[in-house]
file work_15.cif (mmCIF, C-alpha atoms)
data_upload
loop_
_atom_site.group_PDB
_atom_site.id
_atom_site.type_symbol
_atom_site.label_atom_id
_atom_site.label_comp_id
_atom_site.auth_asym_id
_atom_site.auth_seq_id
_atom_site.Cartn_x
_atom_site.Cartn_y
_atom_site.Cartn_z
ATOM 1 C CA MET S 1 19.490 40.646 -12.480
ATOM 2 C CA SER S 2 17.778 37.291 -12.610
ATOM 3 C CA GLU S 3 18.226 35.260 -15.718
ATOM 4 C CA THR S 4 15.253 34.934 -17.959
ATOM 5 C CA SER S 5 14.456 32.511 -20.650
ATOM 6 C CA ARG S 6 11.946 32.630 -23.375
ATOM 7 C CA VAL S 7 9.116 30.283 -24.064
ATOM 8 C CA GLY S 8 7.967 31.391 -27.481
ATOM 9 C CA ASP S 9 7.198 35.108 -27.134
ATOM 10 C CA LEU S 10 6.890 34.864 -23.375
ATOM 11 C CA VAL S 11 9.773 36.025 -21.229
ATOM 12 C CA VAL S 12 9.634 33.985 -18.057
ATOM 13 C CA THR S 13 12.206 32.479 -15.690
ATOM 14 C CA GLN S 14 11.093 28.930 -16.202
ATOM 15 C CA ASP S 15 13.670 26.291 -15.484
ATOM 16 C CA ARG S 16 12.623 22.871 -16.741
ATOM 17 C CA GLU S 17 15.493 20.913 -15.257
ATOM 18 C CA PHE S 18 15.016 22.478 -11.877
ATOM 19 C CA GLN S 19 11.299 21.767 -12.112
ATOM 20 C CA GLN S 20 11.854 18.089 -12.825
ATOM 21 C CA ARG S 21 14.234 17.821 -9.925
ATOM 22 C CA SER S 22 11.773 19.717 -7.724
ATOM 23 C CA TRP S 23 9.053 17.266 -8.522
ATOM 24 C CA MET S 24 11.288 14.346 -7.701
ATOM 25 C CA VAL S 25 12.289 15.881 -4.403
ATOM 26 C CA GLN S 26 8.621 16.522 -3.650
ATOM 27 C CA ARG S 27 7.739 12.909 -4.302
ATOM 28 C CA ILE S 28 10.546 11.757 -2.069
ATOM 29 C CA GLY S 29 9.271 14.179 0.563
ATOM 30 C CA TRP S 30 5.831 12.590 0.322
ATOM 31 C CA VAL S 31 7.275 9.145 0.876
ATOM 32 C CA ILE S 32 9.139 10.403 3.931
ATOM 33 C CA MET S 33 5.958 11.959 5.295
ATOM 34 C CA LEU S 34 4.118 8.704 4.735
ATOM 35 C CA ILE S 35 6.817 6.809 6.585
ATOM 36 C CA ILE S 36 6.598 9.250 9.470
ATOM 37 C CA VAL S 37 2.832 8.833 9.705
ATOM 38 C CA VAL S 38 3.018 5.044 9.576
ATOM 39 C CA ALA S 39 5.805 4.996 12.150
ATOM 40 C CA ALA S 40 3.785 7.247 14.426
ATOM 41 C CA LEU S 41 0.734 5.016 14.080
ATOM 42 C CA LEU S 42 2.854 2.043 15.034
ATOM 43 C CA GLY S 43 4.089 3.861 18.095
ATOM 44 C CA VAL S 44 7.636 4.838 17.163
ATOM 45 C CA PHE S 45 6.974 8.311 18.538
ATOM 46 C CA GLY S 46 5.205 7.057 21.602
ATOM 47 C CA ARG S 47 1.735 5.828 22.502
ATOM 48 C CA GLY S 48 1.546 2.791 20.301
ATOM 49 C CA MET S 49 2.320 -0.840 19.818
ATOM 50 C CA LEU S 50 6.031 -0.397 19.327
ATOM 51 C CA SER S 51 6.516 1.892 22.257
ATOM 52 C CA HIS S 52 4.785 -0.169 24.918
ATOM 53 C CA ALA S 53 7.442 -2.110 26.813
ATOM 54 C CA THR S 54 7.916 -4.112 29.955
ATOM 55 C CA ALA S 55 10.887 -4.754 32.190
ATOM 56 C CA GLY S 56 11.526 -7.159 34.984
ATOM 57 C CA HIS S 57 10.164 -10.679 35.260
ATOM 58 C CA ALA S 58 6.479 -11.417 35.613
ATOM 59 C CA ASP S 59 7.255 -13.754 38.493
ATOM 60 C CA GLY S 60 9.852 -11.474 40.089
ATOM 61 C CA PRO S 61 9.243 -8.972 42.845
ATOM 62 C CA VAL S 62 8.802 -6.005 40.529
ATOM 63 C CA TYR S 63 7.581 -5.951 36.974
ATOM 64 C CA ILE S 64 7.027 -2.673 35.165
ATOM 65 C CA GLU S 65 5.109 -1.470 32.146
ATOM 66 C CA TYR S 66 6.384 1.682 30.533
ATOM 67 C CA GLU S 67 6.746 3.442 27.169
ATOM 68 C CA ARG S 68 10.144 3.060 25.584
ATOM 69 C CA PHE S 69 9.413 6.007 23.267
ATOM 70 C CA THR S 70 7.779 9.069 24.633
ATOM 71 C CA ARG S 71 7.757 12.826 24.106
ATOM 72 C CA HIS S 72 8.723 15.945 25.976
ATOM 73 C CA GLN S 73 5.968 17.048 28.356
ATOM 74 C CA SER S 74 3.663 14.385 27.062
ATOM 75 C CA ALA S 75 1.822 12.428 29.744
ATOM 76 C CA THR S 76 2.983 8.859 30.150
ATOM 77 C CA THR S 77 2.772 6.276 32.886
ATOM 78 C CA LEU S 78 5.105 3.960 34.692
ATOM 79 C CA ARG S 79 3.069 1.049 35.958
ATOM 80 C CA LEU S 80 4.633 -1.125 38.663
ATOM 81 C CA HIS S 81 3.347 -4.586 39.391
ATOM 82 C CA LEU S 82 4.482 -5.694 42.845
ATOM 83 C CA ALA S 83 4.298 -9.361 43.743
ATOM 84 C CA PRO S 84 2.349 -10.417 46.852
ATOM 85 C CA GLY S 85 3.964 -11.250 50.153
ATOM 86 C CA LEU S 86 6.708 -8.625 50.033
ATOM 87 C CA ALA S 87 5.310 -6.057 52.436
ATOM 88 C CA GLN S 88 7.375 -5.315 55.514
ATOM 89 C CA LYS S 89 5.196 -4.404 58.521
ATOM 90 C CA GLY S 90 2.293 -3.665 56.191
ATOM 91 C CA MET S 91 4.332 -1.248 54.073
ATOM 92 C CA LEU S 92 5.766 -1.543 50.582
ATOM 93 C CA ARG S 93 8.826 0.575 49.965
ATOM 94 C CA VAL S 94 9.338 1.396 46.294
ATOM 95 C CA MET S 95 12.671 2.887 45.178
ATOM 96 C CA LEU S 96 12.964 5.163 42.175
ATOM 97 C CA GLY S 97 16.348 6.298 40.848
ATOM 98 C CA ARG S 98 16.967 9.964 41.452
ATOM 99 C CA ASP S 99 18.544 10.452 38.029
ATOM 100 C CA TYR S 100 15.359 9.388 36.360
ATOM 101 C CA ILE S 101 13.079 11.407 38.631
ATOM 102 C CA GLN S 102 15.164 14.502 38.031
ATOM 103 C CA GLY S 103 14.362 14.394 34.336
ATOM 104 C CA VAL S 104 10.608 14.042 34.709
ATOM 105 C CA ASN S 105 7.742 15.965 36.140
ATOM 106 C CA LEU S 106 5.959 13.624 38.525
ATOM 107 C CA ARG S 107 2.293 14.551 38.235
ATOM 108 C CA ASP S 108 0.588 11.948 40.282
ATOM 109 C CA ILE S 109 1.060 8.647 42.015
ATOM 110 C CA THR S 110 -1.817 6.213 42.278
ATOM 111 C CA PRO S 111 -2.202 5.249 45.112
ATOM 112 C CA GLU S 112 -0.576 8.131 46.980
ATOM 113 C CA PRO S 113 2.423 7.149 49.076
ATOM 114 C CA ASP S 114 2.297 7.514 52.815
ATOM 115 C CA PHE S 115 5.625 9.277 52.907
ATOM 116 C CA VAL S 116 8.771 9.606 50.818
ATOM 117 C CA ASP S 117 12.304 9.085 52.055
ATOM 118 C CA ALA S 118 14.779 11.168 50.074
ATOM 119 C CA GLY S 119 18.193 9.699 49.481
ATOM 120 C CA HIS S 120 21.216 10.644 47.475
ATOM 121 C CA GLU S 121 20.661 8.129 44.710
ATOM 122 C CA TRP S 122 17.137 6.974 45.404
ATOM 123 C CA LEU S 123 13.776 8.252 46.431
ATOM 124 C CA VAL S 124 11.884 5.699 48.478
ATOM 125 C CA TYR S 125 8.104 5.834 48.340
ATOM 126 C CA ALA S 126 6.333 4.039 51.162
ATOM 127 C CA PHE S 127 2.858 2.656 50.544
ATOM 128 C CA ARG S 128 0.537 1.135 53.140
ATOM 129 C CA VAL S 129 -0.849 -2.184 51.959
ATOM 130 C CA LEU S 130 -4.407 -3.422 52.573
ATOM 131 C CA ASP S 131 -3.714 -7.125 52.124
ATOM 132 C CA PRO S 132 -0.066 -8.277 52.044
ATOM 133 C CA THR S 133 -1.044 -11.511 50.310
ATOM 134 C CA GLU S 134 -2.292 -9.748 47.195
ATOM 135 C CA PRO S 135 -0.271 -8.231 44.336
ATOM 136 C CA VAL S 136 -0.295 -4.461 44.155
ATOM 137 C CA ILE S 137 -0.206 -2.095 41.188
ATOM 138 C CA ILE S 138 1.293 1.346 41.588
ATOM 139 C CA VAL S 139 1.105 3.893 38.791
ATOM 140 C CA PHE S 140 3.402 6.886 38.434
ATOM 141 C CA HIS S 141 1.950 9.519 36.110
ATOM 142 C CA ILE S 142 4.828 11.447 34.652
ATOM 143 C CA GLU S 143 5.649 14.061 32.051
ATOM 144 C CA PRO S 144 9.230 13.880 30.826
ATOM 145 C CA ASP S 145 11.022 17.171 31.202
ATOM 146 C CA ALA S 146 14.368 16.339 29.652
ATOM 147 C CA SER S 147 14.716 14.998 26.127
ATOM 148 C CA GLY S 148 16.921 12.274 24.770
ATOM 149 C CA LEU S 149 17.890 8.840 25.965
ATOM 150 C CA ARG S 150 17.138 8.407 29.667
ATOM 151 C CA SER S 151 17.776 5.445 31.862
ATOM 152 C CA GLY S 152 15.636 4.650 34.852
ATOM 153 C CA GLN S 153 15.871 2.324 37.807
ATOM 154 C CA VAL S 154 12.934 1.242 39.875
ATOM 155 C CA GLY S 155 12.546 -1.501 42.428
ATOM 156 C CA LEU S 156 11.496 -2.688 45.814
ATOM 157 C CA GLU S 157 13.788 -1.894 48.722
ATOM 158 C CA GLY S 158 15.948 -4.865 49.457
ATOM 159 C CA TRP S 159 15.675 -6.326 45.975
ATOM 160 C CA LEU S 160 17.663 -5.762 42.785
ATOM 161 C CA PRO S 161 16.179 -2.794 40.901
ATOM 162 C CA VAL S 162 14.754 -3.103 37.405
ATOM 163 C CA GLU S 163 16.495 -1.009 34.763
ATOM 164 C CA PHE S 164 14.798 0.464 31.773
ATOM 165 C CA TRP S 165 15.588 2.868 28.961
ATOM 166 C CA GLN S 166 13.352 5.529 27.560
ATOM 167 C CA PHE S 167 13.846 7.795 24.577
ATOM 168 C CA VAL S 168 12.138 11.152 24.907
ATOM 169 C CA PHE S 169 11.441 12.994 21.663
ATOM 170 C CA PRO S 170 11.784 16.739 22.095
ATOM 171 C CA MET Q 1 18.009 29.803 24.528
ATOM 172 C CA ASP Q 2 15.821 26.938 23.521
ATOM 173 C CA THR Q 3 13.027 29.330 22.512
ATOM 174 C CA ILE Q 4 15.205 30.608 19.703
ATOM 175 C CA ILE Q 5 16.225 27.142 18.567
ATOM 176 C CA ARG Q 6 12.671 25.895 18.792
ATOM 177 C CA ALA Q 7 11.373 28.825 16.711
ATOM 178 C CA ALA Q 8 14.076 28.343 14.085
ATOM 179 C CA ILE Q 9 13.439 24.629 13.787
ATOM 180 C CA VAL Q 10 9.672 25.003 13.576
ATOM 181 C CA TYR Q 11 9.987 27.760 10.960
ATOM 182 C CA ILE Q 12 12.331 25.744 8.787
ATOM 183 C CA ALA Q 13 10.348 22.551 9.220
ATOM 184 C CA ILE Q 14 7.095 24.223 8.170
ATOM 185 C CA LEU Q 15 8.852 25.823 5.209
ATOM 186 C CA VAL Q 16 10.194 22.473 4.040
ATOM 187 C CA ILE Q 17 6.893 20.689 4.550
ATOM 188 C CA PHE Q 18 4.947 23.299 2.630
ATOM 189 C CA ARG Q 19 7.445 23.162 -0.209
ATOM 190 C CA MET Q 20 6.829 19.414 -0.335
ATOM 191 C CA ALA Q 21 3.149 20.174 -0.746
ATOM 192 C CA GLY Q 22 3.801 22.067 -3.954
ATOM 193 C CA GLN Q 23 3.016 25.588 -5.055
ATOM 194 C CA ARG Q 24 -0.667 25.137 -5.485
ATOM 195 C CA SER Q 25 -1.492 24.258 -1.911
ATOM 196 C CA VAL Q 26 -0.678 27.645 -0.513
ATOM 197 C CA ALA Q 27 -2.415 29.828 -3.044
ATOM 198 C CA ASN Q 28 -6.022 28.825 -3.120
ATOM 199 C CA ILE Q 29 -8.282 30.130 -0.439
ATOM 200 C CA THR Q 30 -10.971 27.532 -0.488
ATOM 201 C CA THR Q 31 -12.630 26.176 2.632
ATOM 202 C CA PHE Q 32 -10.298 23.232 2.397
ATOM 203 C CA ASP Q 33 -7.202 25.404 2.607
ATOM 204 C CA LEU Q 34 -8.651 27.682 5.261
ATOM 205 C CA VAL Q 35 -9.266 24.742 7.574
ATOM 206 C CA LEU Q 36 -5.738 23.552 6.965
ATOM 207 C CA THR Q 37 -4.218 26.926 7.808
ATOM 208 C CA LEU Q 38 -6.290 27.287 10.968
ATOM 209 C CA ILE Q 39 -5.474 23.845 12.264
ATOM 210 C CA ILE Q 40 -1.791 24.112 11.486
ATOM 211 C CA SER Q 41 -1.528 27.369 13.444
ATOM 212 C CA GLU Q 42 -3.071 25.671 16.435
ATOM 213 C CA ALA Q 43 -0.901 22.612 16.096
ATOM 214 C CA ILE Q 44 2.391 24.429 16.218
ATOM 215 C CA GLN Q 45 1.373 26.920 18.863
ATOM 216 C CA GLU Q 46 2.140 24.829 21.912
ATOM 217 C CA GLY Q 47 5.315 23.517 20.370
ATOM 218 C CA LEU Q 48 6.575 27.065 20.006
ATOM 219 C CA ILE Q 49 5.344 28.355 23.326
ATOM 220 C CA ASP Q 50 6.286 25.324 25.436
ATOM 221 C CA GLN Q 51 4.279 26.408 28.465
ATOM 222 C CA ASP Q 52 6.150 29.659 28.722
ATOM 223 C CA HIS Q 53 3.491 32.306 28.617
ATOM 224 C CA SER Q 54 5.732 35.207 29.452
ATOM 225 C CA PHE Q 55 5.852 38.391 27.455
ATOM 226 C CA THR Q 56 9.608 37.877 27.072
ATOM 227 C CA ASN Q 57 9.088 34.523 25.416
ATOM 228 C CA ALA Q 58 6.558 35.962 23.027
ATOM 229 C CA MET Q 59 8.908 38.765 22.032
ATOM 230 C CA LEU Q 60 11.803 36.376 21.597
ATOM 231 C CA LEU Q 61 9.716 34.227 19.284
ATOM 232 C CA VAL Q 62 8.627 37.200 17.190
ATOM 233 C CA VAL Q 63 12.160 38.551 16.919
ATOM 234 C CA THR Q 64 13.536 35.147 15.936
ATOM 235 C CA LEU Q 65 10.891 34.534 13.298
ATOM 236 C CA ILE Q 66 11.155 37.970 11.730
ATOM 237 C CA GLY Q 67 14.928 37.710 11.918
ATOM 238 C CA LEU Q 68 14.808 34.417 10.024
ATOM 239 C CA ASP Q 69 12.510 35.950 7.463
ATOM 240 C CA ILE Q 70 14.917 38.824 6.886
ATOM 241 C CA ALA Q 71 17.927 36.520 6.798
ATOM 242 C CA LEU Q 72 16.293 34.281 4.221
ATOM 243 C CA SER Q 73 15.247 37.190 2.067
ATOM 244 C CA LEU Q 74 18.823 38.505 2.064
ATOM 245 C CA ILE Q 75 20.131 35.091 1.124
ATOM 246 C CA LYS Q 76 17.557 34.778 -1.628
ATOM 247 C CA GLN Q 77 18.666 38.066 -3.039
ATOM 248 C CA ARG Q 78 22.274 36.949 -3.259
ATOM 249 C CA SER Q 79 21.718 33.495 -4.607
ATOM 250 C CA GLN Q 80 19.426 32.671 -7.497
ATOM 251 C CA ARG Q 81 19.826 29.015 -6.718
ATOM 252 C CA ILE Q 82 18.627 29.367 -3.167
ATOM 253 C CA GLN Q 83 15.764 31.507 -4.314
ATOM 254 C CA LYS Q 84 14.640 28.783 -6.678
ATOM 255 C CA ILE Q 85 14.887 26.179 -3.952
ATOM 256 C CA LEU Q 86 12.918 28.266 -1.466
ATOM 257 C CA GLU Q 87 10.307 29.678 -3.775
ATOM 258 C CA GLY Q 88 10.186 27.601 -6.888
ATOM 259 C CA THR Q 89 9.932 28.897 -10.438
ATOM 260 C CA PRO Q 90 7.050 29.799 -12.673
ATOM 261 C CA LEU Q 91 5.770 27.102 -14.962
ATOM 262 C CA VAL Q 92 4.161 27.589 -18.352
ATOM 263 C CA ILE Q 93 1.127 25.332 -18.387
ATOM 264 C CA ILE Q 94 -0.474 26.527 -21.620
ATOM 265 C CA GLU Q 95 1.889 27.351 -24.434
ATOM 266 C CA GLU Q 96 0.494 29.031 -27.556
ATOM 267 C CA GLY Q 97 -2.881 27.524 -26.843
ATOM 268 C CA ARG Q 98 -1.496 24.033 -26.224
ATOM 269 C CA VAL Q 99 -2.237 22.606 -22.798
ATOM 270 C CA ARG Q 100 0.724 20.867 -21.136
ATOM 271 C CA ARG Q 101 -1.184 18.029 -19.488
ATOM 272 C CA ASP Q 102 1.899 16.447 -17.997
ATOM 273 C CA TYR Q 103 2.705 19.643 -16.114
ATOM 274 C CA LEU Q 104 -0.881 19.964 -14.938
ATOM 275 C CA ASP Q 105 -0.795 16.443 -13.560
ATOM 276 C CA LYS Q 106 2.511 16.929 -11.820
ATOM 277 C CA GLU Q 107 1.374 20.127 -10.167
ATOM 278 C CA ARG Q 108 -2.107 18.801 -9.478
ATOM 279 C CA VAL Q 109 -3.758 21.733 -11.208
ATOM 280 C CA ASP Q 110 -6.784 21.142 -13.373
ATOM 281 C CA LEU Q 111 -8.323 22.990 -16.303
ATOM 282 C CA GLY Q 112 -11.042 24.266 -14.014
ATOM 283 C CA ASP Q 113 -8.462 26.231 -12.040
ATOM 284 C CA ILE Q 114 -7.105 27.778 -15.233
ATOM 285 C CA LEU Q 115 -10.572 28.702 -16.466
ATOM 286 C CA GLU Q 116 -11.362 30.237 -13.102
ATOM 287 C CA ALA Q 117 -8.297 32.434 -13.286
ATOM 288 C CA ALA Q 118 -9.173 33.364 -16.875
ATOM 289 C CA ARG Q 119 -12.701 34.378 -15.883
ATOM 290 C CA ASP Q 120 -11.512 36.180 -12.824
ATOM 291 C CA ARG Q 121 -8.887 38.374 -14.390
ATOM 292 C CA LEU Q 122 -9.832 38.763 -17.998
ATOM 293 C CA SER Q 123 -13.462 37.777 -18.210
ATOM 294 C CA MET Q 124 -12.581 35.142 -20.737
ATOM 295 C CA LEU Q 125 -15.079 32.647 -21.993
ATOM 296 C CA SER Q 126 -13.059 29.550 -22.790
ATOM 297 C CA LEU Q 127 -9.670 27.956 -23.198
ATOM 298 C CA GLU Q 128 -9.557 28.912 -26.862
ATOM 299 C CA GLU Q 129 -8.948 32.528 -25.902
ATOM 300 C CA ILE Q 130 -5.876 31.683 -23.883
ATOM 301 C CA ARG Q 131 -2.488 32.049 -25.471
ATOM 302 C CA TYR Q 132 -0.313 31.428 -22.431
ATOM 303 C CA ALA Q 133 -1.148 30.350 -18.937
ATOM 304 C CA ILE Q 134 1.558 30.443 -16.287
ATOM 305 C CA LEU Q 135 1.517 28.886 -12.871
ATOM 306 C CA GLU Q 136 3.392 31.474 -10.834
ATOM 307 C CA LYS Q 137 5.656 30.844 -7.864
ATOM 308 C CA ASN Q 138 2.988 31.787 -5.393
ATOM 309 C CA GLY Q 139 0.517 29.375 -6.889
ATOM 310 C CA THR Q 140 -1.651 31.813 -8.794
ATOM 311 C CA ILE Q 141 -2.292 31.412 -12.471
ATOM 312 C CA THR Q 142 -1.690 34.288 -14.850
ATOM 313 C CA ILE Q 143 -3.180 34.367 -18.323
ATOM 314 C CA ILE Q 144 -2.023 35.951 -21.561
ATOM 315 C CA PRO Q 145 -4.928 36.137 -23.979
ATOM 316 C CA LYS Q 146 -4.760 35.537 -27.697
ATOM 317 C CA GLU Q 147 -4.946 38.647 -29.795
ATOM 318 C CA ARG Q 148 -8.542 39.198 -30.710
ATOM 319 C CA GLN Q 149 -9.143 38.704 -34.392
ATOM 320 C CA LYS Q 150 -10.076 41.988 -35.896
ATOM 321 C CA ASP Q 151 -13.098 41.504 -38.060
#
call {"tool": "encode", "arguments": {"input": "work_15.cif", "output": "structure tokens"}}
result
Amino acid sequence: MSETSRVGDLVVTQDREFQQRSWMVQRIGWVIMLIIVVAALLGVFGRGMLSHATAGHADGPVYIEYERFTRHQSATTLRLHLAPGLAQKGMLRVMLGRDYIQGVNLRDITPEPDFVDAGHEWLVYAFRVLDPTEPVIIVFHIEPDASGLRSGQVGLEGWLPVEFWQFVFP
Amino acid sequence: MDTIIRAAIVYIAILVIFRMAGQRSVANITTFDLVLTLIISEAIQEGLIDQDHSFTNAMLLVVTLIGLDIALSLIKQRSQRIQKILEGTPLVIIEEGRVRRDYLDKERVDLGDILEAARDRLSMLSLEEIRYAILEKNGTITIIPKERQKD
């Protein structure tokens, strides 16, 4: 039997204290929602100012642009800038850590590699180069499959790989 | 397994978010609210389905959601407190003819809404005929008229 109270002649289960607390909780909820929207606009949940990141040195062999925050099954890109003069016999061999690849769905690679060498820890993508004296940009279009904090390694064969971290929102 | 968890989280999240919006938002069927309902259904669809278009997934989702609904209704029955938290309480917005403006502001209801309810249910002409007006849990407004003066 639910308790009832009276407001004058009216019998109704009004609860003033609860109501006041409700309103306060609602207001707090609004503030939280506002914070979420602002954070999202800034890129905290991916695709924004705060999520765009780079790793590696601009004057090093490999320099990557990636999103440090991204979302499950949401398209994102890994953009590799390869310095000129590093091609061996007209080919550039790009290594990607297997751990990272395992957690993503690789949709597309622009340009397409000539062939891929599969290794235990690395996958090596071989690209033919038009002009070895020019820098090359390679873009991996990926959709993260696994959520959470992921670490990735990418580099040019024969050089120290670049490490990066990515947080994937579910 | 993650279908079940996903469904539970989405259900609870939507429940919480709608409670934050207040009682009024869910009741009114104006164009404004219709658009909102339509778009929200679309928005959560892919999140629930997650590219799994199998019949099994669909059934799992339905069972989980109905199951949650039943579980919550059982819990509400046992605990008054939880019922208040999930559904809210009625609120008297006109008391013996006096309008509680502070309550109206807090719940973002205006006199127009009250008059509309009065016209709709009781064919009333104006606020003067209203003795009590209550904003119910589901967002509708119920009216108790003043006794008509017998001439």
call {"tool": "residues_around", "arguments": {"input": "work_15.cif", "residues": "stretch 114-121 of chain S", "least_positions_apart": "3", "cutoff": "12 Å", "atoms": "only C-alpha atoms", "output": "PyMOL selection string"}}
result
chain S and resi 90-102+109-111+124-129+152-154+157
call {"tool": "write_last_selection", "arguments": {"input": "work_15.cif", "atoms": "C-alpha atoms", "output": "tab-separated table (two decimals), in the coordinates of the input"}}
result
chain	number	residue	atom	x	y	z
S	90	GLY	CA	2.29	-3.66	56.19
S	91	MET	CA	4.33	-1.25	54.07
S	92	LEU	CA	5.77	-1.54	50.58
S	93	ARG	CA	8.83	0.57	49.96
S	94	VAL	CA	9.34	1.40	46.29
S	95	MET	CA	12.67	2.89	45.18
S	96	LEU	CA	12.96	5.16	42.18
S	97	GLY	CA	16.35	6.30	40.85
S	98	ARG	CA	16.97	9.96	41.45
S	99	ASP	CA	18.54	10.45	38.03
S	100	TYR	CA	15.36	9.39	36.36
S	101	ILE	CA	13.08	11.41	38.63
S	102	GLN	CA	15.16	14.50	38.03
S	109	ILE	CA	1.06	8.65	42.02
S	110	THR	CA	-1.82	6.21	42.28
S	111	PRO	CA	-2.20	5.25	45.11
S	124	VAL	CA	11.88	5.70	48.48
S	125	TYR	CA	8.10	5.83	48.34
S	126	ALA	CA	6.33	4.04	51.16
S	127	PHE	CA	2.86	2.66	50.54
S	128	ARG	CA	0.54	1.14	53.14
S	129	VAL	CA	-0.85	-2.18	51.96
S	152	GLY	CA	15.64	4.65	34.85
S	153	GLN	CA	15.87	2.32	37.81
S	154	VAL	CA	12.93	1.24	39.88
S	157	GLU	CA	13.79	-1.89	48.72
call {"tool": "atom_distance", "arguments": {"input": "work_15.cif", "atom1": "atom CA of Q:Glu136", "atom2": "atom CA of Q:Gly22"}}
result
11.7 Å
call {"tool": "axis_aligned_box", "arguments": {"input": "work_15.cif", "around": "stretch 158-170 of chain S", "padding_each_side": "5 Å", "output": "JSON"}}
result
{"center_x": 14.6, "center_y": 5.2, "center_z": 35.6, "size_x": 16.2, "size_y": 33.1, "size_z": 37.8}
call {"tool": "interface_residues", "arguments": {"input": "work_15.cif", "of": "chain Q", "to": "chain S", "cutoff": "7 Å", "atoms": "all atoms listed in the file", "output": "list in words"}}
result
Met20, Thr89, Pro90 and Leu91 of chain Q
call {"tool": "write_last_selection", "arguments": {"input": "work_15.cif", "atoms": "C-alpha atoms", "output": "PDB file, keeping the file's coordinate frame"}}
result
ATOM      1  CA  MET Q  20       6.829  19.414  -0.335  1.00  0.00           C
ATOM      2  CA  THR Q  89       9.932  28.897 -10.438  1.00  0.00           C
ATOM      3  CA  PRO Q  90       7.050  29.799 -12.673  1.00  0.00           C
ATOM      4  CA  LEU Q  91       5.770  27.102 -14.962  1.00  0.00           C
TER       5      LEU Q  91
END
call {"tool": "closest_residue", "arguments": {"input": "work_15.cif", "among": "Q:Val99, Q:Ile4, Q:Ile93, Q:Leu15", "to": "Q:Ala58", "atoms": "only C-alpha atoms"}}
result
Q:Ile4
call {"tool": "resolve_selection", "arguments": {"input": "work_15.cif", "expression": "the PyMOL selection byres ((chain S and resi 85) around 6)", "output": "list in words"}}
result
Pro84, Leu86, Ala87, Pro132 and Thr133 of chain S
call {"tool": "write_last_selection", "arguments": {"input": "work_15.cif", "atoms": "C-alpha atoms", "output": "PDB file, in the frame of the given file"}}
result
ATOM      1  CA  PRO S  84       2.349 -10.417  46.852  1.00  0.00           C
ATOM      2  CA  LEU S  86       6.708  -8.625  50.033  1.00  0.00           C
ATOM      3  CA  ALA S  87       5.310  -6.057  52.436  1.00  0.00           C
ATOM      4  CA  PRO S 132      -0.066  -8.277  52.044  1.00  0.00           C
ATOM      5  CA  THR S 133      -1.044 -11.511  50.310  1.00  0.00           C
TER       6      THR S 133
END
call {"tool": "residues_around", "arguments": {"input": "work_15.cif", "residues": "Q:Gly47", "least_positions_apart": "2", "cutoff": "12 Å", "atoms": "all atoms listed in the file", "output": "PyMOL selection string"}}
result
(chain S and resi 71-74+170) or (chain Q and resi 2-3+5-11+40-45+49-52+61)
call {"tool": "write_last_selection", "arguments": {"input": "work_15.cif", "atoms": "C-alpha atoms", "output": "CSV table (one decimal), keeping the file's coordinate frame"}}
result
chain,number,residue,atom,x,y,z
S,71,ARG,CA,7.8,12.8,24.1
S,72,HIS,CA,8.7,15.9,26.0
S,73,GLN,CA,6.0,17.0,28.4
S,74,SER,CA,3.7,14.4,27.1
S,170,PRO,CA,11.8,16.7,22.1
Q,2,ASP,CA,15.8,26.9,23.5
Q,3,THR,CA,13.0,29.3,22.5
Q,5,ILE,CA,16.2,27.1,18.6
Q,6,ARG,CA,12.7,25.9,18.8
Q,7,ALA,CA,11.4,28.8,16.7
Q,8,ALA,CA,14.1,28.3,14.1
Q,9,ILE,CA,13.4,24.6,13.8
Q,10,VAL,CA,9.7,25.0,13.6
Q,11,TYR,CA,10.0,27.8,11.0
Q,40,ILE,CA,-1.8,24.1,11.5
Q,41,SER,CA,-1.5,27.4,13.4
Q,42,GLU,CA,-3.1,25.7,16.4
Q,43,ALA,CA,-0.9,22.6,16.1
Q,44,ILE,CA,2.4,24.4,16.2
Q,45,GLN,CA,1.4,26.9,18.9
Q,49,ILE,CA,5.3,28.4,23.3
Q,50,ASP,CA,6.3,25.3,25.4
Q,51,GLN,CA,4.3,26.4,28.5
Q,52,ASP,CA,6.2,29.7,28.7
Q,61,LEU,CA,9.7,34.2,19.3
call {"tool": "atom_distance", "arguments": {"input": "work_15.cif", "atom1": "atom CA of S:Gly155", "atom2": "atom CA of S:Phe167"}}
result
20.2 Å
call {"tool": "residues_around", "arguments": {"input": "work_15.cif", "residues": "Q:Glu129", "least_positions_apart": "4", "cutoff": "12 Å", "atoms": "only C-alpha atoms", "output": "ChimeraX atom specification"}}
result
/Q:94,96-98,114-115,118-119,122-125,133,143-149
call {"tool": "write_last_selection", "arguments": {"input": "work_15.cif", "atoms": "C-alpha atoms", "output": "mmCIF file, in the frame of the given file"}}
result
data_model
loop_
_atom_site.group_PDB
_atom_site.id
_atom_site.type_symbol
_atom_site.label_atom_id
_atom_site.label_comp_id
_atom_site.auth_asym_id
_atom_site.auth_seq_id
_atom_site.Cartn_x
_atom_site.Cartn_y
_atom_site.Cartn_z
ATOM 1 C CA ILE Q 94 -0.474 26.527 -21.620
ATOM 2 C CA GLU Q 96 0.494 29.031 -27.556
ATOM 3 C CA GLY Q 97 -2.881 27.524 -26.843
ATOM 4 C CA ARG Q 98 -1.496 24.033 -26.224
ATOM 5 C CA ILE Q 114 -7.105 27.778 -15.233
ATOM 6 C CA LEU Q 115 -10.572 28.702 -16.466
ATOM 7 C CA ALA Q 118 -9.173 33.364 -16.875
ATOM 8 C CA ARG Q 119 -12.701 34.378 -15.883
ATOM 9 C CA LEU Q 122 -9.832 38.763 -17.998
ATOM 10 C CA SER Q 123 -13.462 37.777 -18.210
ATOM 11 C CA MET Q 124 -12.581 35.142 -20.737
ATOM 12 C CA LEU Q 125 -15.079 32.647 -21.993
ATOM 13 C CA ALA Q 133 -1.148 30.350 -18.937
ATOM 14 C CA ILE Q 143 -3.180 34.367 -18.323
ATOM 15 C CA ILE Q 144 -2.023 35.951 -21.561
ATOM 16 C CA PRO Q 145 -4.928 36.137 -23.979
ATOM 17 C CA LYS Q 146 -4.760 35.537 -27.697
ATOM 18 C CA GLU Q 147 -4.946 38.647 -29.795
ATOM 19 C CA ARG Q 148 -8.542 39.198 -30.710
ATOM 20 C CA GLN Q 149 -9.143 38.704 -34.392
#
